[in-house]
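Peer 1: So that you have it, the file is final-v8.cif, and it contains mmCIF, C-alpha atoms:
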data_my_file
#
loop_
_atom_site.label_atom_id
_atom_site.label_comp_id
_atom_site.auth_asym_id
_atom_site.auth_seq_id
_atom_site.Cartn_x
_atom_site.Cartn_y
_atom_site.Cartn_z
CA GLN A 1 86.27 90.31 79.93
CA GLY A 2 85.53 87.47 82.29
CA CYS A 3 86.70 89.51 85.29
CA THR A 4 84.61 88.79 88.37
CA THR A 5 86.72 90.04 91.25
CA TRP A 6 88.78 93.04 92.28
CA ASP A 7 92.31 91.91 91.45
CA THR A 8 95.64 93.06 92.88
CA ASN A 9 96.66 94.73 89.59
CA GLY A 10 94.25 97.61 89.98
CA ASN A 11 91.76 96.30 87.43
CA SER A 12 88.06 95.78 87.90
CA CYS A 13 85.11 95.21 85.65
CA GLU A 14 82.78 95.01 88.61
CA PRO A 15 80.87 97.97 90.03
CA PHE A 16 81.56 99.16 93.54
CA PRO A 17 79.87 96.60 95.85
CA VAL A 18 77.23 99.06 97.17
CA PRO A 19 75.47 101.43 94.74
CA PRO A 20 75.91 105.07 95.87
CA SER A 21 72.15 105.50 96.29
CA SER A 22 72.11 102.64 98.85
CA PHE A 23 75.34 103.44 100.69
CA LEU A 24 73.84 105.38 103.62
CA ASP A 25 71.14 102.73 104.08
CA ALA A 26 73.80 100.00 104.09
CA VAL A 27 75.89 101.83 106.72
CA THR A 28 72.78 102.45 108.85
CA ALA A 29 71.68 98.80 108.64
CA PHE A 30 75.22 97.67 109.53
CA LEU A 31 75.35 99.89 112.62
CA GLN A 32 71.81 98.95 113.72
CA ASP A 33 72.45 95.20 113.50
CA GLU A 34 72.14 94.02 117.12
CA THR A 35 74.12 90.81 116.64
CA VAL A 36 76.83 90.53 119.27
CA ASP A 37 80.26 89.41 118.10
CA PRO A 38 81.11 86.33 120.21
CA VAL A 39 84.80 87.28 120.39
CA THR A 40 84.61 91.02 121.16
CA LEU A 41 81.16 90.89 122.84
CA GLN A 42 80.27 94.05 120.94
CA THR A 43 77.65 95.00 118.38
CA ASN A 44 78.69 96.76 115.16
CA PHE A 45 77.54 100.03 116.76
CA ASP A 46 79.69 99.43 119.86
CA ARG A 47 82.73 98.72 117.75
CA PHE A 48 82.44 101.17 114.85
CA SER A 49 80.21 104.10 115.82
CA THR A 50 83.16 106.27 116.84
CA GLN A 51 84.51 105.93 113.30
CA VAL A 52 81.36 107.19 111.56
CA PHE A 53 80.95 110.96 111.41
CA VAL A 54 77.37 112.16 110.89
CA GLU A 55 75.39 115.27 111.68
CA ASN A 56 71.65 115.71 112.23
CA ASP A 57 69.37 118.40 110.83
CA VAL A 58 71.76 119.70 108.19
CA ASP A 59 70.37 122.24 105.72
CA PRO A 60 71.22 120.69 102.30
CA SER A 61 71.65 124.17 100.79
CA SER A 62 74.56 124.78 103.19
CA LEU A 63 76.54 121.89 101.70
CA SER A 64 78.96 122.26 98.82
CA GLY A 65 78.63 119.42 96.32
CA ASP A 66 76.20 116.56 95.88
CA PHE A 67 75.40 114.95 99.24
CA SER A 68 72.20 113.24 98.03
CA CYS A 69 73.52 109.71 98.49
CA ARG A 70 74.75 110.60 102.00
CA THR A 71 71.61 112.32 103.28
CA ASN A 72 68.51 110.55 104.57
CA SER A 73 64.98 111.91 104.80
CA ASP A 74 65.49 112.83 108.50
CA GLY A 75 68.31 115.25 107.66
CA LEU A 76 71.08 112.92 108.79
CA VAL A 77 74.21 113.50 106.70
CA LEU A 78 77.15 111.10 106.56
CA PHE A 79 80.35 113.17 106.35
CA ALA A 80 83.09 110.59 106.81
CA ILE A 81 83.96 107.05 107.80
CA SER A 82 87.34 106.38 109.31
CA THR A 83 88.58 102.82 109.04
CA ILE A 84 91.47 101.27 110.87
CA ASN A 85 93.27 98.35 109.30
CA VAL A 86 95.88 96.48 111.27
CA LEU A 87 98.67 94.41 109.81
CA ASP A 88 98.60 90.80 110.88
CA GLN A 89 102.38 90.68 110.72
CA ASP A 90 104.95 92.04 113.11
CA PHE A 91 107.41 94.76 112.11
CA ALA A 92 110.04 92.01 112.10
CA LEU A 93 108.82 91.01 108.64
CA ASN A 94 111.53 90.90 105.96
CA TYR A 95 111.68 94.42 104.53
CA GLU A 96 111.27 93.14 100.94
CA ASP A 97 108.07 91.34 101.94
CA GLY A 98 106.92 94.50 103.73
CA ILE A 99 107.47 96.56 100.58
CA ASP A 100 105.57 93.94 98.55
CA LEU A 101 102.73 94.19 101.07
CA TYR A 102 102.79 97.99 100.73
CA ASP A 103 102.61 97.71 96.93
CA LEU A 104 99.56 95.42 97.19
CA TRP A 105 97.89 97.76 99.71
CA ASP A 106 98.63 100.84 97.60
CA THR A 107 97.25 99.14 94.46
CA TRP A 108 94.09 98.11 96.34
CA SER A 109 93.67 101.61 97.76
CA SER A 110 94.09 103.22 94.32
CA GLN A 111 91.56 100.80 92.88
CA MET A 112 89.03 101.69 95.57
CA VAL A 113 89.36 105.36 94.64
CA LYS A 114 89.17 104.62 90.90
CA HIS A 115 86.14 102.31 91.00
CA GLY A 116 84.36 103.45 94.16
CA PRO A 117 81.74 106.16 94.48
CA SER A 118 82.91 109.73 93.80
CA GLU A 119 82.67 110.40 97.55
CA MET A 120 85.66 108.08 98.03
CA ALA A 121 87.92 110.22 95.83
CA ALA A 122 89.43 111.77 98.96
CA THR A 123 90.31 108.35 100.40
CA MET A 124 93.82 108.20 101.81
CA GLN A 125 95.89 105.77 103.81
CA THR A 126 98.15 106.30 106.76
CA ASP A 127 100.00 103.82 108.91
CA SER A 128 101.83 103.48 112.20
CA ALA A 129 105.21 103.88 110.46
CA ALA A 130 105.21 100.29 109.19
CA TRP A 131 105.68 101.30 105.54
CA ALA A 132 108.42 103.80 106.43
CA PHE A 133 110.15 101.11 108.51
CA TYR A 134 110.39 98.76 105.51
CA PHE A 135 111.67 101.48 103.15
CA LEU A 136 114.15 102.74 105.77
CA ASN A 137 115.56 99.21 106.13
CA GLU A 138 115.93 98.96 102.37
CA THR A 139 117.82 102.29 102.24
CA LEU A 140 120.07 101.45 105.20
CA LEU A 141 121.03 98.07 103.74
CA GLU A 142 121.68 99.53 100.28
CA GLU A 143 123.88 102.30 101.71
CA THR A 144 125.71 99.97 104.07
CA PHE A 145 126.64 97.38 101.46
CA SER A 146 127.14 99.55 98.37
#
Will you turn the file into structure tokens for me?
Peer 2:
Amino acid sequence: QGCTTWDTNGNSCEPFPVPPSSFLDAVTAFLQDETVDPVTLQTNFDRFSTQVFVENDVDPSSLSGDFSCRTNSDGLVLFAISTINVLDQDFALNYEDGIDLYDLWDTWSSQMVKHGPSEMAATMQTDSAAWAFYFLNETLLEETFS
């Protein structure tokens, strides 16, 4: 009780920030916002449209599962959103700190799957070998000095 935020321990008493029935509308509004970012000089559409996978004129009977919260009245179906997160630290980070960062990221990712809409159950994370780099360093140091 008293929980108001998504914590780093994988606990939440808050619903997913966007109700499933409003998710497609929220994504559409986000992409159609014509505000230009003063740093990148891009709109949301310019920056993120290649990461949103949709298809027009889909016959709902051809889909397996419930796509109702990802289908609009025009037949547009949202199939996937790919997000890219970049570490704000260099690989030269202490390996123990890197593993701690991985643990926080993994907990957050698991929490998103647990408390997010059912469509997010297939959420997964990949990286550019940063996590493997930290664990490799840990193994090398343990084997070298044991």
Peer 1: One decimal, in Å: what's the spacing between atom CA of A:Thr50 and atom CA of A:Val77?
Peer 2: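 Spanning atom CA of A:Thr50 to atom CA of A:Val77 is a straight-line distance of 15.3 Å.
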Peer 1: Do you have the atom CA of A:Ser110-atom CA of A:Asp25 distance handy?
Peer 2: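 Those two atoms sit 24.9 Å apart.
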Peer 1: Quick one, how far is atom CA of A:Gln111 from atom CA of A:Thr83?
Peer 2: 16.6 Å
Peer 1: Check the smallest atom-to-atom distance from each of A:Trp131, A:Thr144, A:Ser109, A:Ser22 to A:Thr71 using all atoms listed in the file, then report the winner.
Peer 2: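 Of all the options, A:Ser22 lies closest to A:Thr71.
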Peer 1: Given the choices A:Thr43, A:Asn94, A:Ser49, A:Ser61, which gets closest to A:Phe133 if the distance is worked out from all atoms listed in the file?
Peer 2: A:Asn94
Peer 1: Extract, using only C-alpha atoms, all DNA, RNA and protein residues at most 9 Å from A:Ile99, discarding same-chain residues fewer than 3 positions from it, and format them as a ChimeraX atom specification.
Peer 2: /A:94-96,102-104,131,134-135,138
Peer 1: Would you mind telling me which residue in A:Ile81, A:Gly65, A:Asp46, A:Leu140 lies nearest to A:Glu34 when using all atoms listed in the file?
Peer 2: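 Nearest candidate to A:Glu34 out of A:Ile81, A:Gly65, A:Asp46, A:Leu140: A:Asp46.
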Peer 1: Considering only C-alpha atoms, return as a ChimeraX atom specification whatever protein or nucleic-acid residues lie within 12 Å of A:Ser73, sequence-local ones (same chain, fewer than 4 positions apart) excluded.
Peer 2: /A:24-25,56-60,68-69,77
Peer 1: Once the PyMOL selection byres ((chain A and resi 52) around 10) has been applied to the shown file, what residues remain in the selection, as a PyMOL selection string?
Peer 2: chain A and resi 27+31+45+48-51+53-54+78-83
